[in-house]
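Q: My structure file protein-v5.txt, compact mmCIF, C-alpha atoms and all ligand atoms, is below:
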# COMPACT_ATOMS: atom_id res chain seq x y z
CA MET P 1 42.39 -33.77 17.13
CA SER P 2 39.30 -33.67 19.30
CA GLU P 3 36.49 -35.89 18.14
CA THR P 4 33.94 -33.78 20.00
CA PRO P 5 31.44 -32.64 17.41
CA THR P 6 30.78 -28.93 17.43
CA MET P 7 27.11 -28.07 17.84
CA PRO P 8 25.87 -26.13 14.85
CA THR P 9 25.17 -22.54 15.79
CA ALA P 10 21.85 -20.96 14.89
CA SER P 11 23.57 -18.98 12.13
CA SER P 12 25.30 -21.96 10.56
CA ASP P 13 21.97 -23.76 10.68
CA ALA P 14 20.24 -20.82 9.05
CA GLN P 15 22.98 -20.63 6.42
CA ARG P 16 22.68 -24.32 5.61
CA LYS P 17 18.90 -24.05 5.32
CA GLN P 18 19.26 -20.92 3.23
CA LYS P 19 21.34 -22.90 0.71
CA GLU P 20 19.00 -25.87 0.79
CA PHE P 21 15.57 -24.26 0.90
CA LEU P 22 15.74 -20.67 -0.32
CA TRP P 23 16.30 -19.50 -3.86
CA PRO P 24 19.85 -18.21 -4.35
CA CYS P 25 18.53 -15.13 -6.18
CA ALA P 26 17.37 -13.84 -2.78
CA SER P 27 20.96 -12.93 -2.00
CA THR P 28 22.10 -11.67 1.38
CA TYR P 29 24.58 -9.00 2.42
CA TYR P 30 28.03 -9.84 3.87
CA GLU P 31 30.49 -12.72 3.43
CA GLU P 32 28.75 -14.42 6.33
CA PRO P 33 25.06 -13.51 6.29
CA LEU P 34 23.61 -11.96 9.40
CA VAL P 35 20.85 -13.81 11.20
CA LEU P 36 18.80 -11.14 12.91
CA GLU P 37 16.67 -12.11 15.86
CA ARG P 38 15.48 -8.93 17.44
CA GLY P 39 15.25 -5.19 16.94
CA GLU P 40 14.78 -2.23 19.21
CA GLY P 41 14.68 1.35 17.99
CA MET P 42 17.88 2.00 16.01
CA TRP P 43 19.39 -1.36 16.96
CA VAL P 44 19.18 -4.94 15.73
CA PHE P 45 20.56 -8.03 17.47
CA ASP P 46 21.90 -11.17 15.82
CA ASP P 47 21.72 -14.77 16.99
CA LYS P 48 25.16 -14.49 18.60
CA GLY P 49 24.14 -11.61 20.80
CA ASN P 50 25.93 -8.95 18.76
CA ARG P 51 24.16 -5.66 18.35
CA TYR P 52 24.29 -3.39 15.33
CA LEU P 53 23.27 0.21 14.76
CA ASP P 54 20.89 -0.14 11.83
CA CYS P 55 21.67 2.57 9.30
CA PHE P 56 19.74 1.01 6.43
CA GLY P 57 16.44 0.18 8.15
CA GLY P 58 15.71 -2.88 5.99
CA VAL P 59 16.04 -0.68 2.89
CA LEU P 60 14.53 2.57 4.23
CA THR P 61 11.52 0.69 5.56
CA VAL P 62 11.84 0.72 9.33
CA SER P 63 10.99 4.40 9.47
CA VAL P 64 10.08 4.86 13.14
CA GLY P 65 12.43 2.27 14.65
CA HIS P 66 12.40 -1.46 15.25
CA ALA P 67 9.64 -2.87 17.45
CA ASN P 68 8.10 0.57 17.81
CA GLU P 69 5.66 0.25 20.67
CA ARG P 70 3.00 2.56 19.27
CA VAL P 71 2.98 0.76 15.92
CA ASN P 72 3.07 -2.69 17.50
CA ARG P 73 0.19 -1.83 19.82
CA ALA P 74 -1.94 -0.75 16.87
CA ILE P 75 -1.14 -4.03 15.07
CA VAL P 76 -1.94 -6.19 18.09
CA ASP P 77 -5.17 -4.27 18.78
CA GLN P 78 -6.32 -4.75 15.21
CA LEU P 79 -5.33 -8.44 15.19
CA GLY P 80 -7.61 -8.89 18.19
CA ARG P 81 -10.52 -7.37 16.29
CA ILE P 82 -10.35 -8.57 12.70
CA SER P 83 -7.29 -9.30 10.60
CA HIS P 84 -8.78 -9.75 7.17
CA THR P 85 -11.85 -8.51 5.37
CA SER P 86 -10.83 -8.27 1.69
CA THR P 87 -11.82 -5.19 -0.25
CA LEU P 88 -15.31 -6.63 -0.74
CA TYR P 89 -16.15 -5.12 2.66
CA LEU P 90 -15.22 -1.76 4.08
CA ASN P 91 -13.08 -1.38 7.15
CA GLU P 92 -12.46 1.83 9.05
CA GLN P 93 -8.68 1.37 9.22
CA VAL P 94 -8.54 1.46 5.45
CA THR P 95 -10.89 4.40 4.85
CA GLU P 96 -9.21 6.44 7.62
CA LEU P 97 -5.79 5.68 6.16
CA ALA P 98 -6.94 6.73 2.70
CA GLU P 99 -8.23 10.01 4.12
CA THR P 100 -4.90 10.60 5.90
CA ILE P 101 -2.99 9.98 2.69
CA ALA P 102 -5.22 12.48 0.88
CA ARG P 103 -4.44 15.07 3.55
CA ILE P 104 -0.69 14.43 3.46
CA THR P 105 -0.04 14.12 -0.26
CA PRO P 106 0.48 17.37 -2.16
CA GLY P 107 -1.93 19.00 -4.57
CA ARG P 108 -5.07 17.36 -5.78
CA LEU P 109 -4.15 13.75 -5.07
CA SER P 110 -6.94 12.25 -3.02
CA LYS P 111 -7.93 8.70 -3.97
CA THR P 112 -5.92 5.59 -3.10
CA TYR P 113 -5.80 1.95 -4.17
CA PHE P 114 -4.06 -0.36 -1.68
CA THR P 115 -1.80 -3.29 -2.50
CA ASN P 116 1.01 -5.16 -0.73
CA SER P 117 4.24 -3.81 -2.16
CA GLY P 118 5.97 -1.09 -4.11
CA THR P 119 5.99 -3.32 -7.18
CA GLU P 120 2.22 -3.59 -7.16
CA ALA P 121 1.79 0.11 -6.41
CA ASP P 122 3.90 0.99 -9.46
CA GLU P 123 2.26 -1.64 -11.66
CA THR P 124 -1.15 -0.22 -10.70
CA ALA P 125 0.02 3.33 -11.47
CA VAL P 126 1.26 2.42 -14.94
CA VAL P 127 -1.95 0.57 -15.78
CA LEU P 128 -3.89 3.59 -14.50
CA ALA P 129 -1.89 5.98 -16.71
CA ARG P 130 -2.69 3.80 -19.71
CA LEU P 131 -6.38 3.64 -18.84
CA TYR P 132 -6.69 7.36 -18.16
CA THR P 133 -4.90 8.51 -21.30
CA GLY P 134 -5.92 5.66 -23.59
CA ARG P 135 -2.26 5.48 -24.60
CA GLN P 136 0.45 2.89 -24.08
CA GLU P 137 3.90 4.36 -24.00
CA ILE P 138 5.61 5.31 -20.78
CA ILE P 139 8.83 7.24 -20.30
CA ALA P 140 10.99 5.90 -17.47
CA LEU P 141 14.57 6.57 -16.40
CA ARG P 142 17.80 4.72 -16.84
CA HIS P 143 19.16 3.71 -13.39
CA ALA P 144 15.58 3.58 -12.05
CA TYR P 145 14.10 0.76 -9.99
CA HIS P 146 10.38 0.11 -9.77
CA GLY P 147 10.08 -3.50 -8.59
CA ARG P 148 10.27 -7.13 -9.58
CA SER P 149 7.17 -7.94 -11.66
CA MET P 150 7.60 -8.19 -15.42
CA LEU P 151 6.13 -4.71 -15.88
CA ALA P 152 8.16 -3.19 -13.06
CA MET P 153 11.39 -4.81 -14.30
CA SER P 154 10.65 -3.42 -17.76
CA ALA P 155 10.18 0.04 -16.25
CA GLY P 156 13.50 -0.24 -14.41
CA GLY P 157 16.82 0.83 -15.79
CA HIS P 158 19.33 -1.74 -14.46
CA ALA P 159 20.34 -4.86 -16.39
CA SER P 160 21.15 -6.57 -13.10
CA TRP P 161 17.55 -6.23 -11.90
CA ARG P 162 15.90 -7.27 -15.19
CA HIS P 163 15.34 -10.94 -15.85
CA GLY P 164 13.48 -13.23 -18.16
CA GLY P 165 13.62 -10.95 -21.15
CA THR P 166 11.56 -8.20 -19.45
CA ALA P 167 8.99 -8.52 -22.16
CA VAL P 168 6.50 -5.80 -21.24
CA ALA P 169 6.59 -3.39 -24.15
CA GLY P 170 5.99 0.32 -24.16
CA PHE P 171 8.76 1.68 -21.92
CA LYS P 172 11.31 4.15 -23.25
CA HIS P 173 14.17 5.09 -20.99
CA ALA P 174 15.44 8.65 -20.76
CA HIS P 175 18.90 9.56 -19.55
CA ALA P 176 19.09 9.82 -15.78
CA PRO P 177 19.71 13.18 -14.10
CA TYR P 178 22.97 11.71 -12.82
CA CYS P 179 25.16 14.79 -12.47
CA TYR P 180 28.21 12.92 -11.16
CA ARG P 181 28.24 10.81 -14.33
CA CYS P 182 26.46 13.21 -16.65
CA PRO P 183 25.35 11.28 -19.76
CA PHE P 184 26.00 14.45 -21.80
CA ASN P 185 29.38 15.08 -20.23
CA ALA P 186 28.16 18.46 -19.08
CA THR P 187 28.40 20.20 -15.73
CA TYR P 188 25.50 21.55 -13.73
CA PRO P 189 24.33 24.36 -13.72
CA ASP P 190 25.76 25.28 -17.16
CA CYS P 191 24.42 22.07 -18.72
CA GLY P 192 21.11 23.53 -19.94
CA MET P 193 19.43 20.56 -18.22
CA LYS P 194 20.07 18.39 -21.27
CA CYS P 195 18.93 15.25 -19.40
CA ALA P 196 15.49 16.88 -19.11
CA THR P 197 15.25 18.60 -22.51
CA ASP P 198 16.39 15.40 -24.28
CA VAL P 199 13.10 13.78 -23.22
CA GLU P 200 11.35 15.72 -25.98
CA GLU P 201 13.55 14.13 -28.63
CA LEU P 202 13.11 10.75 -26.94
CA ILE P 203 9.35 11.11 -27.34
CA GLN P 204 9.65 12.35 -30.91
CA THR P 205 12.02 9.61 -32.03
CA THR P 206 11.19 6.49 -30.03
CA THR P 207 7.44 6.71 -29.44
CA ASP P 208 4.48 7.49 -31.65
CA GLY P 209 4.33 10.88 -29.94
CA GLN P 210 1.32 9.81 -27.88
CA ILE P 211 2.60 9.03 -24.42
CA ALA P 212 0.65 7.84 -21.40
CA GLY P 213 3.06 9.17 -18.85
CA PHE P 214 6.38 9.40 -17.08
CA ILE P 215 7.38 7.37 -14.03
CA ALA P 216 10.31 8.48 -11.89
CA GLU P 217 11.66 8.34 -8.39
CA PRO P 218 12.32 11.84 -6.98
CA ILE P 219 15.67 10.41 -5.83
CA LEU P 220 16.73 7.25 -7.67
CA GLY P 221 17.09 4.89 -4.73
CA VAL P 222 18.49 1.59 -5.98
CA GLY P 223 20.40 3.67 -8.55
CA GLY P 224 22.50 5.00 -5.67
CA PHE P 225 20.48 7.98 -4.41
CA ILE P 226 20.92 9.89 -7.67
CA THR P 227 19.52 13.30 -6.77
CA PRO P 228 18.23 15.37 -9.70
CA PRO P 229 18.96 19.11 -9.86
CA LYS P 230 16.19 21.35 -8.57
CA GLU P 231 14.93 22.39 -12.04
CA TYR P 232 14.82 18.83 -13.37
CA PHE P 233 11.27 17.74 -12.65
CA SER P 234 9.50 20.96 -13.68
CA GLU P 235 11.40 20.87 -16.98
CA VAL P 236 10.77 17.23 -17.77
CA VAL P 237 7.18 17.15 -16.53
CA SER P 238 6.26 20.17 -18.67
CA ILE P 239 7.49 18.20 -21.72
CA ILE P 240 5.55 15.11 -20.62
CA ARG P 241 2.34 17.12 -20.19
CA ARG P 242 2.82 18.84 -23.55
CA TYR P 243 2.73 15.37 -25.11
CA GLY P 244 -0.39 14.39 -23.15
CA GLY P 245 1.21 12.21 -20.49
CA ILE P 246 0.77 12.19 -16.73
CA PHE P 247 3.48 12.17 -14.07
CA ILE P 248 3.82 9.24 -11.65
CA ALA P 249 6.13 9.96 -8.72
CA ASP P 250 7.46 6.72 -7.26
CA GLU P 251 7.81 7.67 -3.58
CA VAL P 252 8.50 4.13 -2.41
CA GLN P 253 11.85 5.21 -0.94
CA THR P 254 11.43 8.97 -0.69
CA GLY P 255 8.00 9.10 0.99
CA TRP P 256 6.96 9.65 4.60
CA GLY P 257 9.47 12.29 5.68
CA ARG P 258 12.61 10.50 4.53
CA THR P 259 13.99 13.48 2.56
CA GLY P 260 13.48 15.94 5.42
CA ASP P 261 10.90 18.62 6.21
CA ARG P 262 8.37 17.29 3.68
CA TRP P 263 6.17 14.22 3.63
CA CYS P 264 6.99 13.41 0.01
CA GLY P 265 10.29 13.66 -1.82
CA ILE P 266 8.81 15.34 -4.89
CA GLU P 267 7.76 18.33 -2.76
CA HIS P 268 11.39 19.48 -2.88
CA TRP P 269 10.97 20.01 -6.61
CA ASP P 270 8.49 22.52 -7.90
CA VAL P 271 5.99 20.15 -9.48
CA GLU P 272 2.75 18.42 -8.60
CA PRO P 273 2.50 14.76 -9.59
CA ASP P 274 -0.70 13.24 -10.98
CA VAL P 275 -0.14 9.89 -9.31
CA MET P 276 2.12 8.83 -6.44
CA THR P 277 3.14 5.39 -5.25
CA PHE P 278 4.14 4.39 -1.72
CA ALA P 279 5.31 1.31 0.20
CA LYS P 280 8.41 0.63 2.37
CA GLY P 281 8.50 3.19 5.22
CA MET P 282 4.75 3.76 5.21
CA ALA P 283 3.97 1.02 7.74
CA ASN P 284 7.36 0.54 9.43
CA GLY P 285 7.86 -2.91 7.89
CA SER P 286 4.31 -4.24 7.49
CA PRO P 287 3.68 -5.08 3.83
CA ILE P 288 1.62 -2.37 2.20
CA GLY P 289 1.56 -0.56 -1.12
CA ALA P 290 -0.50 2.47 -2.10
CA THR P 291 -1.23 4.20 -5.39
CA THR P 292 -2.72 7.65 -4.89
CA ALA P 293 -4.14 9.72 -7.74
CA ARG P 294 -6.13 12.78 -8.61
CA PRO P 295 -9.81 11.77 -8.44
CA GLU P 296 -10.55 12.03 -12.16
CA ILE P 297 -7.55 9.81 -12.89
CA ALA P 298 -8.46 7.23 -10.23
CA ASP P 299 -12.00 7.17 -11.56
CA ALA P 300 -10.71 6.16 -14.99
CA TYR P 301 -9.87 2.67 -13.70
CA PRO P 302 -12.93 0.59 -14.53
CA GLY P 303 -13.96 -2.39 -12.39
CA LEU P 304 -13.21 -5.16 -11.86
CA THR P 305 -9.90 -5.35 -10.12
CA PHE P 306 -9.11 -7.05 -6.85
CA SER P 307 -6.27 -7.54 -4.38
CA THR P 308 -6.91 -10.12 -1.67
CA PHE P 309 -4.49 -8.62 0.83
CA GLY P 310 -4.54 -5.04 -0.47
CA GLY P 311 -6.44 -2.85 1.95
CA ASN P 312 -5.77 -5.20 4.83
CA PRO P 313 -6.95 -3.77 8.18
CA VAL P 314 -3.83 -4.87 10.09
CA THR P 315 -1.32 -3.32 7.70
CA ALA P 316 -3.57 -0.27 7.40
CA ALA P 317 -3.55 0.04 11.21
CA ALA P 318 0.25 -0.26 11.13
CA ALA P 319 0.45 2.48 8.49
CA ARG P 320 -1.88 4.79 10.43
CA ALA P 321 0.17 4.31 13.60
CA THR P 322 3.44 4.85 11.71
CA ILE P 323 2.14 8.06 10.17
CA ARG P 324 0.91 9.20 13.61
CA VAL P 325 4.38 8.64 15.08
CA ILE P 326 6.03 10.51 12.20
CA GLU P 327 3.62 13.40 12.73
CA GLU P 328 3.64 13.51 16.55
CA ASP P 329 7.41 13.26 16.82
CA ASP P 330 7.99 15.64 13.88
CA LEU P 331 10.29 13.13 12.23
CA PRO P 332 10.49 14.92 8.84
CA ARG P 333 12.20 17.75 10.78
CA ASN P 334 14.49 15.27 12.52
CA ALA P 335 15.35 13.76 9.14
CA ALA P 336 16.30 17.24 7.87
CA VAL P 337 18.44 18.11 10.91
CA MET P 338 20.12 14.70 11.28
CA GLY P 339 20.44 14.41 7.51
CA ALA P 340 22.31 17.72 7.39
CA HIS P 341 24.57 16.56 10.21
CA LEU P 342 25.24 13.27 8.44
CA ARG P 343 25.91 15.05 5.16
CA GLN P 344 28.42 17.37 6.78
CA GLY P 345 30.26 14.39 8.23
CA LEU P 346 30.24 12.57 4.88
CA GLU P 347 31.65 15.64 3.12
CA ALA P 348 34.47 15.62 5.68
CA LEU P 349 35.14 11.94 4.93
CA LYS P 350 35.25 12.81 1.22
CA GLU P 351 38.02 15.33 1.97
CA LYS P 352 39.94 12.60 3.75
CA TYR P 353 39.50 9.57 1.47
CA PRO P 354 40.14 9.84 -2.31
CA VAL P 355 38.09 6.66 -2.85
CA ILE P 356 34.99 8.75 -2.14
CA GLY P 357 34.09 10.35 -5.46
CA ASP P 358 30.70 11.79 -4.62
CA VAL P 359 28.42 12.36 -1.67
CA ARG P 360 24.75 13.07 -2.36
CA GLY P 361 21.19 12.74 -1.16
CA MET P 362 18.60 14.53 0.95
CA GLY P 363 17.55 14.22 4.56
CA LEU P 364 18.22 10.77 5.97
CA MET P 365 18.85 9.38 2.50
CA GLN P 366 22.56 9.94 1.88
CA ALA P 367 24.99 8.10 -0.37
CA ILE P 368 28.71 7.75 -0.93
CA GLU P 369 29.87 6.81 -4.43
CA CYS P 370 33.25 5.05 -4.42
CA VAL P 371 35.73 5.33 -7.30
CA GLU P 372 39.20 3.98 -8.09
CA ASP P 373 40.26 7.39 -9.21
CA ARG P 374 38.53 10.75 -8.99
CA THR P 375 39.52 11.77 -12.53
CA THR P 376 38.51 8.62 -14.39
CA LYS P 377 35.66 7.88 -11.95
CA VAL P 378 36.15 4.14 -12.49
CA PRO P 379 33.68 2.53 -10.07
CA ALA P 380 35.18 0.85 -6.98
CA PRO P 381 32.70 -1.86 -5.90
CA LYS P 382 35.43 -3.78 -4.03
CA ALA P 383 36.03 -0.81 -1.75
CA VAL P 384 32.33 -0.84 -0.91
CA LEU P 385 32.46 -4.54 -0.04
CA LYS P 386 35.44 -3.91 2.22
CA VAL P 387 33.68 -1.01 3.97
CA PHE P 388 30.69 -3.32 4.40
CA GLU P 389 32.71 -5.97 6.23
CA GLU P 390 34.60 -3.40 8.31
CA THR P 391 31.44 -1.58 9.42
CA LYS P 392 29.77 -4.88 10.24
CA LYS P 393 32.76 -5.86 12.43
CA ARG P 394 32.26 -2.57 14.26
CA GLY P 395 28.54 -3.07 14.73
CA VAL P 396 26.99 -0.83 12.08
CA LEU P 397 24.74 -1.87 9.18
CA ILE P 398 24.78 0.08 5.91
CA GLY P 399 23.30 -0.42 2.43
CA LYS P 400 24.58 -0.71 -1.10
CA GLY P 401 23.36 0.32 -4.54
CA GLY P 402 24.22 1.89 -7.88
CA LEU P 403 24.43 0.33 -11.31
CA TYR P 404 28.06 -0.62 -10.63
CA GLY P 405 27.57 -1.71 -7.01
CA ASN P 406 29.90 1.08 -5.92
CA VAL P 407 27.52 3.23 -3.88
CA ILE P 408 27.03 3.02 -0.12
CA ARG P 409 23.48 3.92 0.81
CA LEU P 410 22.63 5.25 4.24
CA GLY P 411 18.97 5.31 5.26
CA PRO P 412 18.65 4.97 9.01
CA PRO P 413 15.26 5.09 10.74
CA LEU P 414 13.94 8.66 10.96
CA ILE P 415 14.33 8.56 14.76
CA ALA P 416 18.16 8.65 14.48
CA SER P 417 19.75 10.92 17.09
CA ARG P 418 22.88 13.05 16.83
CA SER P 419 24.87 10.45 18.76
CA ASP P 420 23.64 7.70 16.39
CA ILE P 421 24.85 9.73 13.41
CA ASP P 422 28.16 10.51 15.14
CA HIS P 423 28.61 6.80 15.82
CA LEU P 424 27.89 5.95 12.17
CA LEU P 425 30.36 8.59 10.97
CA GLU P 426 33.06 7.39 13.36
CA VAL P 427 32.67 3.78 12.23
CA LEU P 428 32.64 4.80 8.54
CA ASP P 429 35.85 6.75 9.17
CA GLN P 430 37.50 3.67 10.72
CA ALA P 431 36.24 1.45 7.89
CA PHE P 432 37.45 3.73 5.10
CA ALA P 433 40.82 3.99 6.86
CA VAL P 434 41.40 0.26 6.32
CA ALA P 435 39.41 -0.19 3.06
N1 LIG I 501 10.02 1.49 -6.26
C1 LIG I 501 11.14 1.84 -5.62
C2 LIG I 501 11.65 3.23 -5.78
C3 LIG I 501 11.82 0.91 -4.83
O1 LIG I 501 12.95 1.27 -4.21
C4 LIG I 501 11.30 -0.39 -4.69
C5 LIG I 501 11.98 -1.43 -3.82
N2 LIG I 501 13.32 -1.31 -3.67
C6 LIG I 501 10.12 -0.71 -5.38
C7 LIG I 501 9.50 0.25 -6.15
C8 LIG I 501 9.51 -2.07 -5.26
O2 LIG I 501 9.02 -2.24 -3.99
P1 LIG I 501 8.75 -3.73 -3.41
O3 LIG I 501 10.09 -4.35 -3.18
O4 LIG I 501 7.98 -3.44 -2.14
O5 LIG I 501 7.94 -4.45 -4.40
For this file, write the structure as structure tokens.
Ligand code: PMP

A:
Amino acid sequence: MSETPTMPTASSDAQRKQKEFLWPCASTYYEEPLVLERGEGMWVFDDKGNRYLDCFGGVLTVSVGHANERVNRAIVDQLGRISHTSTLYLNEQVTELAETIARITPGRLSKTYFTNSGTEADETAVVLARLYTGRQEIIALRHAYHGRSMLAMSAGGHASWRHGGTAVAGFKHAHAPYCYRCPFNATYPDCGMKCATDVEELIQTTTDGQIAGFIAEPILGVGGFITPPKEYFSEVVSIIRRYGGIFIADEVQTGWGRTGDRWCGIEHWDVEPDVMTFAKGMANGSPIGATTARPEIADAYPGLTFSTFGGNPVTAAAARATIRVIEEDDLPRNAAVMGAHLRQGLEALKEKYPVIGDVRGMGLMQAIECVEDRTTKVPAPKAVLKVFEETKKRGVLIGKGGLYGNVIRLGPPLIASRSDIDHLLEVLDQAFAVA
């Protein structure tokens, strides 16, 4: 046997250091984690020179493509001017961004508080609901995800994402509008929207009847792109308002054109939120969170509160440039057209492969739920893992989700072209064929 030592590759080095220096809870995709070095548009490149079509966009975050020149230029320009001010001083990037958000968000939402992440945006929204109403209890959804702080974990509806006892009190979890696995064993549209109407009994039986609000994702992202029926939000929000609560739409995944033809996901449902939260795709990967509210609600938050990095001029410049690209290139339209094309292809795969139990989503936010058997709907997480490895081998990155880990999530950058989608569909077809 040769005694020549093999030089460690960059990836084996990164893997060793991952084990030694990073917390294992920050788990990575794939049997052998990918070490990404570079990105360009729809593509990312690993340390071995392999390229991959990125159909998950770092969890629906790279909205206008990797290393987008217009966004990068705005970041570099701002870095050359001033990179930090704190909210103790005003900066034009931040005030201009806030004005843009007021223009883009539906209805009367007009005032924004900036933070660094979706978690903080949601945390801020819940505190705001409590301050505005003077009440404590919040209705959230089973299968929801709102972040990793104690409060956000308590708002979430997944055991696997809740740790440390999730001790923040005051959250009551309603049944999710999860038609494929209807909690009432009913079938839409003859179900009478029980998942929505049941919220009234939830309030009457598990709260003191005095709620502060309701927090929900228009499409439950981590939950596996659970897409509520079109009457769901108007029904449930009318109950919430009858009991004095406000509606917080968590747009962390669904915002900024992702769902097609609209800036915000909730605009596809006939209801106006009182508060909205944003992060992820808003700045194409720069860390930013935003909580936007109707003015009288925002004004109910008394001083003092402070976020050192919230309202940072560099991330605000990145967000402004990202929004400009989305607007100039009409990417919400592209998301609708390419999303429809993707959906059609996924429906065809469903015809072909019995392991695909459900296909759902909106725009460029489409999911495939895998099952052992279409009648019993027993989740098939192993099939998802196999499809993961097979698509990786063929140079395509996809995402995963769902309470049972059996949902493939597809959320490519909004710049995806028809040939990108065709390539994704072809590779998925090959992967399912051997899964
Ligand atoms: N809300 C939703 C809907 C999310 O998907 C996420 C992140 N997956 C969050 C909140 C938390 O965002 P962050 O990871 O930026 O804290």

Q: Neighbouring residues of region 205-222 of chain P were defined as those with any atom within 8 Å, considering all atoms listed in the file; residues of the same chain fewer than 2 positions away were excluded. Please report them as a PDB file with C-alpha atoms, in the coordinates of the input.

A:
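Final file, selection.pdb:
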ATOM      1  CA  VAL P 126       1.260   2.420 -14.940  1.00  0.00           C
ATOM      2  CA  ALA P 129      -1.890   5.980 -16.710  1.00  0.00           C
ATOM      3  CA  ARG P 130      -2.690   3.800 -19.710  1.00  0.00           C
ATOM      4  CA  THR P 133      -4.900   8.510 -21.300  1.00  0.00           C
ATOM      5  CA  GLY P 134      -5.920   5.660 -23.590  1.00  0.00           C
ATOM      6  CA  ARG P 135      -2.260   5.480 -24.600  1.00  0.00           C
ATOM      7  CA  GLN P 136       0.450   2.890 -24.080  1.00  0.00           C
ATOM      8  CA  GLU P 137       3.900   4.360 -24.000  1.00  0.00           C
ATOM      9  CA  ILE P 138       5.610   5.310 -20.780  1.00  0.00           C
ATOM     10  CA  ILE P 139       8.830   7.240 -20.300  1.00  0.00           C
ATOM     11  CA  ALA P 140      10.990   5.900 -17.470  1.00  0.00           C
ATOM     12  CA  LEU P 141      14.570   6.570 -16.400  1.00  0.00           C
ATOM     13  CA  HIS P 143      19.160   3.710 -13.390  1.00  0.00           C
ATOM     14  CA  ALA P 144      15.580   3.580 -12.050  1.00  0.00           C
ATOM     15  CA  TYR P 145      14.100   0.760  -9.990  1.00  0.00           C
ATOM     16  CA  LYS P 172      11.310   4.150 -23.250  1.00  0.00           C
ATOM     17  CA  GLU P 201      13.550  14.130 -28.630  1.00  0.00           C
ATOM     18  CA  LEU P 202      13.110  10.750 -26.940  1.00  0.00           C
ATOM     19  CA  ILE P 203       9.350  11.110 -27.340  1.00  0.00           C
ATOM     20  CA  GLY P 224      22.500   5.000  -5.670  1.00  0.00           C
ATOM     21  CA  PHE P 225      20.480   7.980  -4.410  1.00  0.00           C
ATOM     22  CA  ILE P 226      20.920   9.890  -7.670  1.00  0.00           C
ATOM     23  CA  THR P 227      19.520  13.300  -6.770  1.00  0.00           C
ATOM     24  CA  PRO P 228      18.230  15.370  -9.700  1.00  0.00           C
ATOM     25  CA  VAL P 237       7.180  17.150 -16.530  1.00  0.00           C
ATOM     26  CA  ILE P 240       5.550  15.110 -20.620  1.00  0.00           C
ATOM     27  CA  TYR P 243       2.730  15.370 -25.110  1.00  0.00           C
ATOM     28  CA  GLY P 244      -0.390  14.390 -23.150  1.00  0.00           C
ATOM     29  CA  GLY P 245       1.210  12.210 -20.490  1.00  0.00           C
ATOM     30  CA  ILE P 246       0.770  12.190 -16.730  1.00  0.00           C
ATOM     31  CA  PHE P 247       3.480  12.170 -14.070  1.00  0.00           C
ATOM     32  CA  ILE P 248       3.820   9.240 -11.650  1.00  0.00           C
ATOM     33  CA  ALA P 249       6.130   9.960  -8.720  1.00  0.00           C
ATOM     34  CA  ASP P 250       7.460   6.720  -7.260  1.00  0.00           C
ATOM     35  CA  GLU P 251       7.810   7.670  -3.580  1.00  0.00           C
ATOM     36  CA  VAL P 252       8.500   4.130  -2.410  1.00  0.00           C
ATOM     37  CA  GLN P 253      11.850   5.210  -0.940  1.00  0.00           C
ATOM     38  CA  THR P 254      11.430   8.970  -0.690  1.00  0.00           C
ATOM     39  CA  GLY P 265      10.290  13.660  -1.820  1.00  0.00           C
ATOM     40  CA  ILE P 266       8.810  15.340  -4.890  1.00  0.00           C
ATOM     41  CA  GLY P 361      21.190  12.740  -1.160  1.00  0.00           C
ATOM     42  CA  GLY P 401      23.360   0.320  -4.540  1.00  0.00           C
ATOM     43  CA  GLY P 402      24.220   1.890  -7.880  1.00  0.00           C
TER      44      GLY P 402
END

Q: I'd like the contact shell of Met150 (chain P) - 8 Å cut-off, all atoms listed in the file, skipping same-chain residues fewer than 6 positions apart - returned as a list in words.

A: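 Listing them by chain and then by number gives Thr166, Ala167 and Val168 of chain P.
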
Q: Grab all the atoms of region 210-217 of chain P that the file lists, wrap them in a box along x, y and z, add 8 Å per side, and give me centre plus edge lengths in Å (one decimal) as AutoDock Vina command-line options.

A:
--center_x 6.2 --center_y 8.6 --center_z -18.1 --size_x 27.0 --size_y 18.4 --size_z 35.5

Q: Pick from P:Pro177, P:Gly223, P:Gly80, P:Pro273: nearest to ligand LIG 501 (chain I), with only C-alpha atoms and all ligand atoms counted?

A: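 That would be P:Gly223, the residue with the smallest distance to ligand LIG 501 (chain I).
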
Q: Smallest atom-to-atom distance to ligand LIG 501 (chain I): which of P:Lys382, P:His163, P:Arg148, P:Lys350, using all atoms listed in the file?

A: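 Nearest to ligand LIG 501 (chain I): P:Arg148.
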
Q: Per residue of region 217-279 of chain P within 6 Å of region 363-379 of chain P, which atom pair is closest and at what distance in Å (one decimal), using all atoms listed in the file, listed by chain and increasing number, as JSON lines?

A:
{"residue": "P:Arg258", "atom": "CA", "partner": "P:Leu364", "partner_atom": "CA", "distance": 5.8}
{"residue": "P:Thr259", "atom": "CA", "partner": "P:Gly363", "partner_atom": "CA", "distance": 4.1}
{"residue": "P:Gly260", "atom": "CA", "partner": "P:Gly363", "partner_atom": "CA", "distance": 4.5}

Q: Need to verify the contact set: Pro33 (chain P), 10 Å, all atoms listed in the file, exclusion of same-chain residues closer than 6 positions in sequence. Can you return it as a list in words?

A: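 Surrounding residues, per the criterion: Ser11, Ser12, Ala14, Gln15, Gln18 and Ser27 of chain P.
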
Q: Neighbours of region 82-97 of chain P within 7 Å (only C-alpha atoms; same-chain residues fewer than 2 positions away dropped), as number ranges by chain?

A: P: 78-80, 99-101, 308-309, 311-314, 316-317, 320

Q: One number please: CA of Ser154 (chain P) to CA of Gly118 (chain P), in Å, one decimal.

A: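 Atom-to-atom, CA of Ser154 (chain P) to CA of Gly118 (chain P), that is 14.6 Å.
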